[in-house]
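Undergrad: Got a file for you: final.tsv, TSV, C-alpha atoms and all ligand atoms.
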```tsv
chain	number	residue	atom	x	y	z
A	1	MET	CA	-19.81	67.82	190.28
A	2	ALA	CA	-19.59	68.75	193.98
A	3	PRO	CA	-15.92	69.04	195.09
A	4	GLU	CA	-16.39	66.34	197.79
A	5	LYS	CA	-17.85	63.92	195.28
A	6	ARG	CA	-14.98	64.59	192.86
A	7	LEU	CA	-12.38	64.03	195.61
A	8	GLN	CA	-14.06	60.77	196.56
A	9	GLN	CA	-13.99	59.60	192.94
A	10	ILE	CA	-10.26	60.38	192.73
A	11	ALA	CA	-9.54	58.64	196.06
A	12	ASP	CA	-11.43	55.61	194.76
A	13	GLN	CA	-8.99	55.19	191.87
A	14	PHE	CA	-6.43	53.95	194.40
A	15	ALA	CA	-6.28	50.38	195.61
A	16	HIS	CA	-7.42	50.85	199.20
A	17	GLN	CA	-9.45	48.38	201.21
A	18	GLY	CA	-12.90	49.21	202.53
A	19	ASN	CA	-15.19	52.19	201.97
A	20	ILE	CA	-14.27	55.83	202.18
A	21	THR	CA	-15.93	57.41	205.19
A	22	GLY	CA	-14.46	60.91	204.98
A	23	ILE	CA	-11.93	63.15	203.22
A	24	ALA	CA	-10.48	66.25	204.89
A	25	ALA	CA	-7.78	68.79	204.04
A	26	PHE	CA	-4.60	67.82	205.87
A	27	GLY	CA	-1.37	69.51	206.97
A	28	SER	CA	-0.04	72.94	206.10
A	29	GLY	CA	2.02	72.38	202.94
A	30	ASN	CA	2.99	75.42	200.88
A	31	ILE	CA	3.13	73.62	197.53
A	32	ASN	CA	0.94	70.51	197.09
A	33	ASP	CA	-2.71	70.01	198.15
A	34	THR	CA	-3.03	67.27	200.75
A	35	PHE	CA	-6.05	65.33	202.04
A	36	LEU	CA	-6.49	62.59	204.60
A	37	VAL	CA	-8.88	59.86	203.48
A	38	ALA	CA	-10.61	57.81	206.19
A	39	LEU	CA	-11.74	54.24	205.53
A	40	ASP	CA	-14.07	51.93	207.42
A	41	ASP	CA	-11.57	49.09	207.12
A	42	VAL	CA	-9.69	47.96	210.22
A	43	LEU	CA	-6.30	47.20	208.72
A	44	GLN	CA	-5.58	50.29	206.70
A	45	THR	CA	-7.73	52.92	208.29
A	46	ARG	CA	-6.49	56.05	206.52
A	47	PHE	CA	-4.33	57.21	203.64
A	48	VAL	CA	-2.92	60.47	202.32
A	49	LEU	CA	-4.17	61.75	198.96
A	50	GLN	CA	-2.20	64.52	197.26
A	51	ARG	CA	-2.50	66.70	194.20
A	52	ILE	CA	1.05	67.49	193.10
A	53	ASN	CA	1.75	71.09	192.15
A	54	THR	CA	3.01	70.56	188.60
A	55	HIS	CA	4.17	74.19	188.25
A	56	VAL	CA	6.79	73.36	190.87
A	57	PHE	CA	7.34	69.66	190.11
A	58	ARG	CA	7.53	69.70	186.31
A	59	ASN	CA	8.14	65.97	186.09
A	60	PRO	CA	5.77	64.47	188.68
A	61	ALA	CA	6.09	60.98	187.20
A	62	ALA	CA	9.80	61.11	188.10
A	63	VAL	CA	8.87	62.20	191.65
A	64	MET	CA	6.84	59.01	191.95
A	65	GLN	CA	9.52	56.86	190.35
A	66	ASN	CA	12.06	58.22	192.87
A	67	MET	CA	9.69	57.64	195.75
A	68	ARG	CA	9.19	54.03	194.79
A	69	THR	CA	12.93	53.50	194.39
A	70	PHE	CA	13.99	54.88	197.75
A	71	THR	CA	11.05	53.66	199.82
A	72	ASP	CA	11.68	50.13	198.45
A	73	HIS	CA	15.33	50.55	199.39
A	74	MET	CA	14.47	51.72	202.90
A	75	HIS	CA	11.93	48.95	203.44
A	76	GLY	CA	14.63	46.49	202.37
A	77	ARG	CA	17.01	47.92	204.98
A	78	LEU	CA	14.36	47.79	207.70
A	79	ALA	CA	13.44	44.19	206.85
A	80	GLY	CA	16.82	43.22	208.27
A	81	GLY	CA	15.56	44.21	211.75
A	82	GLN	CA	15.23	47.66	213.27
A	83	GLY	CA	16.22	47.19	216.89
A	84	ASP	CA	13.78	48.09	219.64
A	85	ARG	CA	12.45	51.27	218.05
A	86	ARG	CA	9.37	51.60	215.92
A	87	TRP	CA	10.37	53.09	212.56
A	88	GLU	CA	8.10	53.50	209.56
A	89	VAL	CA	8.62	54.45	205.94
A	90	PRO	CA	5.43	55.51	204.12
A	91	ARG	CA	4.38	53.32	201.16
A	92	VAL	CA	3.18	54.42	197.74
A	93	ILE	CA	-0.39	53.15	197.24
A	94	LEU	CA	-0.92	52.09	193.65
A	95	THR	CA	-4.05	52.70	191.59
A	96	LYS	CA	-6.42	49.81	190.96
A	97	GLU	CA	-4.73	49.48	187.56
A	98	GLY	CA	-1.27	49.23	189.15
A	99	GLY	CA	-0.01	52.75	188.35
A	100	ASP	CA	1.66	55.01	190.91
A	101	HIS	CA	-0.53	58.04	190.14
A	102	TRP	CA	-3.82	59.08	188.61
A	103	GLU	CA	-4.17	61.91	186.10
A	104	VAL	CA	-7.49	63.66	185.56
A	105	ASP	CA	-8.35	67.07	184.02
A	106	GLY	CA	-4.63	67.85	183.79
A	107	GLU	CA	-4.16	67.19	187.52
A	108	PHE	CA	-1.67	64.72	188.97
A	109	TRP	CA	-2.82	62.73	192.02
A	110	ARG	CA	-1.05	60.16	194.17
A	111	ALA	CA	-1.74	58.23	197.37
A	112	ILE	CA	0.60	57.35	200.24
A	113	SER	CA	0.02	55.34	203.39
A	114	PHE	CA	-0.57	57.28	206.60
A	115	VAL	CA	1.64	56.39	209.55
A	116	GLU	CA	-1.04	55.25	212.00
A	117	ASN	CA	-1.13	56.41	215.60
A	118	SER	CA	1.22	59.27	214.76
A	119	GLU	CA	1.11	63.07	214.83
A	120	SER	CA	3.33	66.00	213.90
A	121	PHE	CA	4.01	69.40	215.49
A	122	ASP	CA	4.87	72.85	214.12
A	123	VAL	CA	6.97	73.70	217.17
A	124	MET	CA	8.99	71.63	219.63
A	125	HIS	CA	7.80	71.04	223.20
A	126	ASP	CA	11.14	70.54	224.90
A	127	GLY	CA	14.65	69.16	224.59
A	128	ASP	CA	13.56	65.50	224.47
A	129	HIS	CA	11.20	66.26	221.65
A	130	ALA	CA	13.92	68.15	219.79
A	131	TRP	CA	16.42	65.28	220.32
A	132	GLU	CA	13.92	62.96	218.63
A	133	VAL	CA	13.69	65.28	215.63
A	134	GLY	CA	17.45	65.17	215.23
A	135	PHE	CA	17.52	61.41	215.64
A	136	ALA	CA	14.85	61.06	212.94
A	137	LEU	CA	16.92	63.06	210.45
A	138	GLY	CA	20.01	60.99	211.26
A	139	GLN	CA	18.02	57.80	210.83
A	140	PHE	CA	16.71	59.04	207.48
A	141	HIS	CA	20.21	59.93	206.23
A	142	ASP	CA	21.53	56.60	207.41
A	143	LEU	CA	18.75	54.55	205.75
A	144	ILE	CA	19.30	56.25	202.42
A	145	SER	CA	23.10	56.46	202.57
A	146	ASP	CA	23.74	53.20	200.71
A	147	LEU	CA	21.42	53.93	197.79
A	148	ALA	CA	23.39	55.06	194.73
A	149	ALA	CA	22.58	58.73	194.01
A	150	GLU	CA	22.39	58.04	190.24
A	151	ARG	CA	19.31	55.92	190.85
A	152	LEU	CA	17.27	59.04	191.60
A	153	VAL	CA	16.24	61.68	189.08
A	154	ASP	CA	16.78	65.33	189.98
A	155	THR	CA	13.13	66.33	190.28
A	156	LEU	CA	13.74	69.95	191.25
A	157	PRO	CA	16.86	71.37	189.61
A	158	GLY	CA	18.30	74.30	191.54
A	159	PHE	CA	16.65	73.33	194.84
A	160	HIS	CA	18.80	74.66	197.74
A	161	ILE	CA	21.38	76.15	195.38
A	162	THR	CA	21.46	79.53	197.14
A	163	PRO	CA	23.38	81.47	194.44
A	164	GLY	CA	20.67	80.36	191.99
A	165	TYR	CA	17.98	81.83	194.26
A	166	LEU	CA	20.03	85.02	194.51
A	167	ALA	CA	20.16	85.23	190.71
A	168	GLN	CA	16.36	84.82	190.53
A	169	TYR	CA	15.99	87.56	193.15
A	170	GLU	CA	18.28	89.90	191.23
A	171	ALA	CA	16.26	89.29	188.08
A	172	VAL	CA	12.96	90.07	189.84
A	173	VAL	CA	13.95	93.21	191.82
A	174	PRO	CA	14.14	95.72	188.94
A	175	GLY	CA	10.64	95.02	187.62
A	176	THR	CA	8.75	94.44	190.86
A	177	GLN	CA	5.37	96.15	191.32
A	178	VAL	CA	5.65	95.89	195.10
A	179	GLU	CA	5.56	99.07	197.15
A	180	LYS	CA	8.90	99.94	198.84
A	181	THR	CA	7.65	99.96	202.45
A	182	PRO	CA	10.22	100.16	205.30
A	183	GLU	CA	9.91	96.37	205.69
A	184	VAL	CA	10.65	95.80	202.02
A	185	GLU	CA	13.63	98.18	202.26
A	186	TYR	CA	14.85	96.25	205.30
A	187	CYS	CA	14.69	92.96	203.37
A	188	LEU	CA	16.47	94.42	200.32
A	189	GLN	CA	19.27	95.59	202.57
A	190	PHE	CA	19.37	92.29	204.46
A	191	VAL	CA	19.83	90.31	201.25
A	192	GLY	CA	22.33	92.77	199.79
A	193	ASP	CA	24.54	92.54	202.89
A	194	ARG	CA	24.72	88.73	202.67
A	195	ALA	CA	24.92	88.27	198.89
A	196	PRO	CA	28.74	87.89	198.79
A	197	TRP	CA	28.62	85.06	201.35
A	198	CYS	CA	25.66	83.06	200.05
A	199	GLY	CA	27.73	80.79	197.79
A	200	VAL	CA	29.57	79.32	200.77
A	201	LEU	CA	28.21	75.75	200.53
A	202	GLU	CA	28.15	75.61	196.72
A	203	THR	CA	31.81	76.71	196.62
A	204	ALA	CA	32.78	74.06	199.18
A	205	LYS	CA	30.86	71.48	197.15
A	206	ALA	CA	32.53	72.52	193.88
A	207	GLU	CA	35.95	72.38	195.55
A	208	GLY	CA	35.23	68.80	196.59
A	209	LYS	CA	35.27	69.62	200.30
A	210	LEU	CA	31.71	68.42	200.91
A	211	PRO	CA	30.49	65.10	199.51
A	212	LEU	CA	27.30	64.92	197.50
A	213	ARG	CA	24.85	62.64	199.33
A	214	LEU	CA	21.18	61.81	199.09
A	215	MET	CA	19.15	64.16	201.23
A	216	HIS	CA	15.52	64.65	202.21
A	217	GLY	CA	15.38	68.27	201.02
A	218	ASP	CA	12.57	69.44	203.32
A	219	PRO	CA	13.02	67.99	206.83
A	220	LYS	CA	11.23	70.78	208.68
A	221	VAL	CA	9.98	69.67	212.07
A	222	ASN	CA	6.38	69.13	211.03
A	223	ASN	CA	7.56	66.53	208.53
A	224	ILE	CA	8.68	64.32	211.44
A	225	MET	CA	5.93	62.02	212.73
A	226	PHE	CA	5.75	61.11	216.43
A	227	ASP	CA	4.16	57.99	217.89
A	228	LYS	CA	1.12	59.15	219.88
A	229	THR	CA	1.70	56.54	222.58
A	230	THR	CA	5.45	56.66	223.15
A	231	GLY	CA	6.13	60.26	222.07
A	232	LYS	CA	9.12	59.02	220.03
A	233	ALA	CA	9.82	59.98	216.40
A	234	VAL	CA	8.67	57.18	214.08
A	235	ALA	CA	8.87	58.49	210.51
A	236	VAL	CA	10.01	61.27	208.22
A	237	VAL	CA	7.38	62.19	205.63
A	238	ASP	CA	7.00	64.57	202.64
A	239	LEU	CA	9.34	62.69	200.35
A	240	ASP	CA	9.10	64.73	197.12
A	241	THR	CA	12.49	66.37	197.31
A	242	VAL	CA	14.72	63.37	198.11
A	243	LYS	CA	17.64	63.79	195.72
A	244	PRO	CA	21.41	64.31	195.66
A	245	GLY	CA	22.52	67.30	197.74
A	246	LEU	CA	24.34	68.16	200.96
A	247	VAL	CA	23.38	66.96	204.44
A	248	HIS	CA	23.95	70.60	205.42
A	249	TYR	CA	20.79	71.67	203.57
A	250	ASP	CA	18.82	69.19	205.67
A	251	ILE	CA	20.50	70.00	208.98
A	252	GLY	CA	19.97	73.72	208.30
A	253	ASP	CA	16.32	73.19	207.43
A	254	CYS	CA	15.68	71.02	210.47
A	255	LEU	CA	17.30	73.56	212.80
A	256	ARG	CA	15.73	76.67	211.28
A	257	SER	CA	12.29	75.11	211.78
A	258	GLY	CA	12.99	73.33	215.08
A	259	CYS	CA	14.71	76.17	216.95
A	260	ASN	CA	12.12	78.85	216.21
A	261	LEU	CA	9.53	78.50	218.96
A	262	LEU	CA	7.16	80.99	217.35
A	263	GLY	CA	7.00	78.92	214.16
A	264	GLU	CA	7.53	80.09	210.60
A	265	GLU	CA	4.01	81.53	210.25
A	266	THR	CA	4.13	83.96	213.19
A	267	ALA	CA	3.07	87.57	212.57
A	268	ASP	CA	5.33	88.70	215.42
A	269	TRP	CA	8.59	88.47	213.48
A	270	ARG	CA	10.47	90.88	215.74
A	271	SER	CA	10.22	88.38	218.62
A	272	VAL	CA	11.68	85.45	216.68
A	273	THR	CA	14.84	83.93	218.13
A	274	PHE	CA	16.98	80.87	217.47
A	275	GLU	CA	16.86	78.74	220.65
A	276	LEU	CA	20.30	77.43	221.47
A	277	SER	CA	19.12	74.71	223.87
A	278	LEU	CA	16.90	73.20	221.16
A	279	CYS	CA	19.77	73.44	218.66
A	280	LYS	CA	21.92	71.47	221.07
A	281	ALA	CA	19.22	68.82	221.52
A	282	ILE	CA	18.52	68.43	217.78
A	283	LEU	CA	22.22	68.21	216.91
A	284	SER	CA	22.86	65.74	219.67
A	285	GLY	CA	19.99	63.49	218.43
A	286	TYR	CA	21.27	63.81	214.88
A	287	LEU	CA	24.86	63.04	215.78
A	288	SER	CA	23.84	59.99	217.80
A	289	VAL	CA	23.37	58.41	214.36
A	290	ALA	CA	25.33	60.64	211.96
A	291	ARG	CA	28.60	60.80	213.89
A	292	SER	CA	29.50	57.56	212.13
A	293	PHE	CA	29.38	59.08	208.63
A	294	LEU	CA	30.14	62.83	208.98
A	295	THR	CA	33.56	63.95	207.80
A	296	SER	CA	35.71	66.56	209.48
A	297	ALA	CA	34.89	69.05	206.70
A	298	ASP	CA	31.18	68.37	207.23
A	299	TYR	CA	31.57	69.74	210.78
A	300	ASP	CA	33.55	72.74	209.52
A	301	PHE	CA	30.57	73.87	207.44
A	302	LEU	CA	27.77	73.12	209.90
A	303	PHE	CA	27.45	76.66	211.19
A	304	ASP	CA	27.32	78.05	207.65
A	305	GLY	CA	24.64	75.50	206.77
A	306	ILE	CA	22.50	76.53	209.75
A	307	ARG	CA	22.81	80.22	208.92
A	308	LEU	CA	22.42	79.72	205.18
A	309	ILE	CA	19.21	77.70	205.01
A	310	ALA	CA	17.32	80.17	207.22
A	311	PHE	CA	18.62	82.99	205.01
A	312	GLU	CA	17.86	81.08	201.81
A	313	LEU	CA	14.24	80.41	202.79
A	314	GLY	CA	13.83	84.10	203.66
A	315	LEU	CA	15.28	84.98	200.26
A	316	ARG	CA	12.90	82.54	198.51
A	317	PHE	CA	9.84	83.97	200.33
A	318	PHE	CA	10.95	87.55	199.69
A	319	THR	CA	11.60	86.91	195.99
A	320	ASP	CA	8.13	85.37	195.70
A	321	HIS	CA	6.63	88.44	197.36
A	322	LEU	CA	8.44	90.70	194.88
A	323	ALA	CA	7.38	88.48	191.96
A	324	GLY	CA	3.68	88.59	192.92
A	325	ASP	CA	3.31	85.30	194.87
A	326	VAL	CA	3.83	82.84	192.06
A	327	TYR	CA	5.46	79.91	193.90
A	328	PHE	CA	4.33	79.46	197.53
A	329	LYS	CA	0.62	79.26	198.36
A	330	THR	CA	-0.46	82.37	200.30
A	331	LYS	CA	-3.44	83.13	202.53
A	332	TYR	CA	-3.34	86.96	202.36
A	333	PRO	CA	-1.49	89.75	200.49
A	334	GLY	CA	1.91	90.23	202.10
A	335	HIS	CA	2.02	86.67	203.46
A	336	ASN	CA	5.32	85.88	201.75
A	337	LEU	CA	6.82	89.15	203.04
A	338	ALA	CA	5.75	88.22	206.60
A	339	ARG	CA	7.34	84.78	206.17
A	340	ALA	CA	10.55	86.32	204.80
A	341	LEU	CA	10.84	88.66	207.78
A	342	VAL	CA	10.57	85.67	210.15
A	343	GLN	CA	13.40	83.82	208.41
A	344	PHE	CA	15.60	86.93	208.23
A	345	GLN	CA	15.06	87.59	211.94
A	346	LEU	CA	15.99	83.98	212.64
A	347	THR	CA	19.12	84.41	210.50
A	348	ALA	CA	20.05	87.52	212.48
A	349	SER	CA	19.58	85.59	215.74
A	350	ILE	CA	21.80	82.77	214.43
A	351	GLU	CA	24.46	85.32	213.45
A	352	ALA	CA	24.30	86.97	216.89
A	353	GLN	CA	24.93	83.56	218.52
A	354	GLU	CA	27.72	82.45	216.17
A	355	THR	CA	30.25	82.00	219.00
A	356	GLU	CA	27.86	79.90	221.08
A	357	ILE	CA	26.67	77.76	218.16
A	358	CYS	CA	30.23	77.13	216.94
A	359	GLY	CA	31.25	76.32	220.53
A	360	LEU	CA	28.48	73.75	220.70
A	361	ILE	CA	29.53	72.16	217.41
A	362	ALA	CA	33.19	72.07	218.56
A	363	GLN	CA	32.17	70.33	221.79
A	364	MET	CA	30.04	67.79	220.00
A	365	ARG	CA	32.56	66.81	217.36
A	366	GLU	CA	35.04	65.97	220.15
A	367	VAL	CA	32.79	63.35	221.76
B	1	LIG	C1	7.73	74.24	200.99
B	1	LIG	O1	5.16	72.54	200.71
B	1	LIG	P1	6.02	72.37	201.90
B	1	LIG	O2	5.47	73.18	203.03
B	1	LIG	O3	6.26	70.94	202.24
B	1	LIG	C2	9.04	74.20	200.21
B	1	LIG	C3	10.22	74.03	201.18
B	1	LIG	C4	10.18	75.12	202.24
B	1	LIG	C5	8.84	75.08	202.96
B	1	LIG	C6	8.73	76.17	203.99
B	1	LIG	C7	9.29	72.10	197.08
B	1	LIG	O4	7.49	72.96	201.55
B	1	LIG	O5	11.43	74.13	200.47
B	1	LIG	O6	11.23	74.96	203.17
B	1	LIG	O7	7.76	75.22	202.00
B	1	LIG	N1	9.05	73.10	199.25
B	1	LIG	C8	9.38	73.30	197.96
B	1	LIG	O8	7.65	75.91	204.82
B	1	LIG	O9	9.74	74.37	197.51
B	2	MG	MG	7.67	69.73	201.39
```
What is this file in structure tokens?
TA:
Amino acid sequence: MAPEKRLQQIADQFAHQGNITGIAAFGSGNINDTFLVALDDVLQTRFVLQRINTHVFRNPAAVMQNMRTFTDHMHGRLAGGQGDRRWEVPRVILTKEGGDHWEVDGEFWRAISFVENSESFDVMHDGDHAWEVGFALGQFHDLISDLAAERLVDTLPGFHITPGYLAQYEAVVPGTQVEKTPEVEYCLQFVGDRAPWCGVLETAKAEGKLPLRLMHGDPKVNNIMFDKTTGKAVAVVDLDTVKPGLVHYDIGDCLRSGCNLLGEETADWRSVTFELSLCKAILSGYLSVARSFLTSADYDFLFDGIRLIAFELGLRFFTDHLAGDVYFKTKYPGHNLARALVQFQLTASIEAQETEICGLIAQMREV
């Protein structure tokens, strides 16, 4: 069967209104395959169709169960009124038989509503834009903060546990087939130099200094949707990794993606820098909501979180390169190495600006 016809048949398993008028690849995800389905109906004009990568998400049914639990919770919160801002939480679209996914030929498919009149960006335009990104993350954390963590299944054990990624890296290095180019040598050295520090957040967590909270897990800037008319943030999407964790993982991920103006896919890794003015704007948007629930210790570990998540993503990309590209989707040989170099350069830029970033955090926690 032609691939388009097959996609259409899968999309038609879900309980949408109207006729499908088009299906196109959507977004730039590194794990799942995503499509946008257009309909000729006026009320619900489009929806997102995704094939879950079951090598990464071993229990996709639990991913869907979680998504239903927390989106229901968030919709309940928003039903109480949401002030003068538009705010949307995507909805799971059920199959015509009432299930939350469709399985065919060993593949796992699901459908989610598209936030209409919205768009996302890989890089920030300016400080106002960046403030909105921070606000969106704060809003997300706030909306999920009163859902009991035990109600969600851990769908990706080990996610954002940096010492675990280091252990995987150490297991892969001895047997790698990858050629030891100067860039590979640089990465090996970069990781080695930071290995003793990389347990910083897990140690603080184990010592009870940082509270376990529900987090998004992947709030990179292109997972924040902006209203096309007002230019304001209106939703946080990509909800597969919502689970118990530290807000620091999310803040770090948001900043590592939002403060790199060249984006994480640039080939020009040597020019990558961490933009302090955007960091200030994102943190200030975030704290406009989160100031009410952050503890003093949370602030103490913010800088480490920012540095760590950039480093961790570099480590994950580099390990995948050494392992033969088995986790992240790649477009060319060496793609994961190029991505690792970007994140390591960003880490180095964060380290070089430690005094300024810590100064900013100190100023903001005083307000
Ligand atoms: C992956 O698939 P995507 O692009 O939403 C990854 C994130 C990384 C991100 C880097 C489950 O997310 O952790 O930060 O790539 N997701 C998973 O772009 O590993
Ligand atoms: Mg994701």
Undergrad: Could you tell me which of A:Val191, A:Ile52, A:Leu94, A:Leu201 comes closest to ligand LIG 1 (chain B) if we count only C-alpha atoms and all ligand atoms?
TA: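 For ligand LIG 1 (chain B), the nearest of the given residues is A:Ile52.
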Undergrad: Report as a list in words which protein, DNA and RNA residues come within 6 Å of ligand LIG 1 (chain B), using only C-alpha atoms and all ligand atoms.
TA: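 The residues near ligand LIG 1 (chain B) are Gly29, Asn30, Ile31, Asn32 and Asp218 of chain A.
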Undergrad: Around the point (14.3, 89.1, 206.0) (coordinates from the file), which residues reach within 12 Å if we count only C-alpha atoms? Answer as JSON, numbers by chain.
TA: {"A": [182, 183, 184, 185, 186, 187, 188, 189, 190, 191, 192, 193, 194, 269, 270, 272, 310, 311, 312, 313, 314, 315, 316, 317, 318, 319, 321, 336, 337, 338, 339, 340, 341, 342, 343, 344, 345, 346, 347, 348, 349]}
Undergrad: Between A:Gln9, A:Ala149, A:Ser28, A:His335, single out the one closest to A:Ala267, counting only C-alpha atoms.
TA: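 Closest residue, counting only C-alpha atoms: A:His335.
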Undergrad: Measuring between only C-alpha atoms and all ligand atoms, which one of A:Asn53, A:Thr203, A:Thr230, A:Thr162 shows the shortest distance to ligand MG 2 (chain B)?
TA: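 Ranking A:Asn53, A:Thr203, A:Thr230, A:Thr162 by distance to ligand MG 2 (chain B), first place goes to A:Asn53.
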